[in-house]
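Before any comments, here is the structure.
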Amino acid sequence: MSAMQSPYAVALEIAGPAAMFTRPDTGATPISYPVPTFSAAKGMFEAVARLRSAYIQPRWVRICRPIRYERYVTNYGGPLRKPSQIKDDNKYQLNATILVDVCYQIFGEVRAKRRTRAGAGRRRGLAGHPRKVPSGTRQDHEKVLFGLFKERLERGQTFYTPCLGWKEFIPAYFGPIREGTVPEVSITLVIPSLLHSMWEHRQLRPTFRQNVEIRNGVLRYE
């Protein structure tokens, strides 16, 4: 896999004992996709650095450990319970098929938002960060987010705890790409339908990609 040509290419590595990137078609007994969805990957980048005038778009992901599934059982107390269960504060047992012992390297590209205007960054500044963005070109905003992301990732700073799908699945490692971590080149398969994103312009509009291929341990989000 060749490196991306973008001058603002970023990457992170995440690993942990368990992960769950839910396939919507598996209903009440959810099963995980073998890789993070586009939305999950975007959330990992945003845990490190965010900017109102620019964002990090996930481009591709490496699977760096064999795909392993195990049965997982937990007591569910969320909003998808029956009204009577919510009223009486009763939980129900949720059975799921999760991934275990996972490691991913996720690569992305910093991009300015289309509506970025000269001076907009100066007025608004960084979301959750005291620095101000220089006014001017789209590249100014991309450069600021690029530098902020690299600085915070190396320091281990995050706005919220990153997770491997479900919030309870926190990573054992989250940070820069580690030397010696390599993709599982034996993994080649096709995902018939892969959830891309649940939201569009702040509206609930699930979108899917069809027949997405993982080749030599690598999946491209685009």
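So you can find residues: chains in the structure tokens are A, B, ... in the order shown, residues in each start at 1, and ligands are numbered from 1 in order.
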
**Message:** Applying 12 Å and only C-alpha atoms, which residues near stretch 185-194 of chain A remain after dropping the ones on its own chain fewer than 2 positions away? List them as a ChimeraX atom specification.
**Reply:** /A:1,21-26,32-39,62-68,182-183,196-198,206-222

Q | Who sits within 8 Å of A:Ile177, only C-alpha atoms, same chain under 6 positions skipped, as a PyMOL selection string | A | chain A and resi 11-13+105

Find the nearest atom pair between each residue of stretch 16-111 of chain A and stretch 147-164 of chain A for residues within 9 Å, count only C-alpha atoms, give distances in Å to one decimal, sort rows by chain and ascending number, and present the table as CSV.
residue,atom,partner,partner_atom,distance
A:Gly16,CA,A:Leu164,CA,7.6
A:Ala18,CA,A:Leu164,CA,7.3
A:Ala19,CA,A:Leu164,CA,4.8
A:Met20,CA,A:Leu164,CA,6.4
A:Phe21,CA,A:Leu164,CA,7.5
A:Pro36,CA,A:Leu164,CA,7.7
A:Ala40,CA,A:Leu164,CA,7.8
A:Gly43,CA,A:Pro162,CA,7.8
A:Met44,CA,A:Pro162,CA,5.8
A:Phe45,CA,A:Phe149,CA,8.2
A:Glu46,CA,A:Phe159,CA,8.1
A:Ala47,CA,A:Phe159,CA,5.3
A:Val48,CA,A:Thr158,CA,4.5
A:Ala49,CA,A:Phe149,CA,5.2
A:Arg50,CA,A:Phe149,CA,8.2

Those residues with C-alpha atoms, as a tab-separated table (two decimals), in the first residue's frame please?
chain	number	residue	atom	x	y	z
A	16	GLY	CA	-7.64	-3.63	22.46
A	18	ALA	CA	-12.56	-6.36	22.39
A	19	ALA	CA	-14.39	-4.39	19.70
A	20	MET	CA	-17.91	-4.08	18.34
A	21	PHE	CA	-18.77	-2.32	15.07
A	36	PRO	CA	-14.28	-0.09	12.07
A	40	ALA	CA	-16.24	4.88	13.95
A	43	GLY	CA	-14.86	9.43	15.76
A	44	MET	CA	-11.41	8.13	16.69
A	45	PHE	CA	-9.74	11.00	14.84
A	46	GLU	CA	-12.11	13.52	16.41
A	47	ALA	CA	-11.29	12.20	19.88
A	48	VAL	CA	-7.81	13.64	19.35
A	49	ALA	CA	-8.42	16.94	17.57
A	50	ARG	CA	-11.37	18.90	16.23

From the DSSP assignment of the backbone, select every residue of stretch 32-94 of chain A that is helix (DSSP H, G or I), and format the answer as number ranges by chain.
A: 38-48, 83-87

- Do you know which residues are at most 10 Å from A:Ser6 counting only C-alpha atoms, after dropping those on the same chain fewer than 3 positions away, and could you put them as a ChimeraX atom specification? /A:3,9-10,108-111
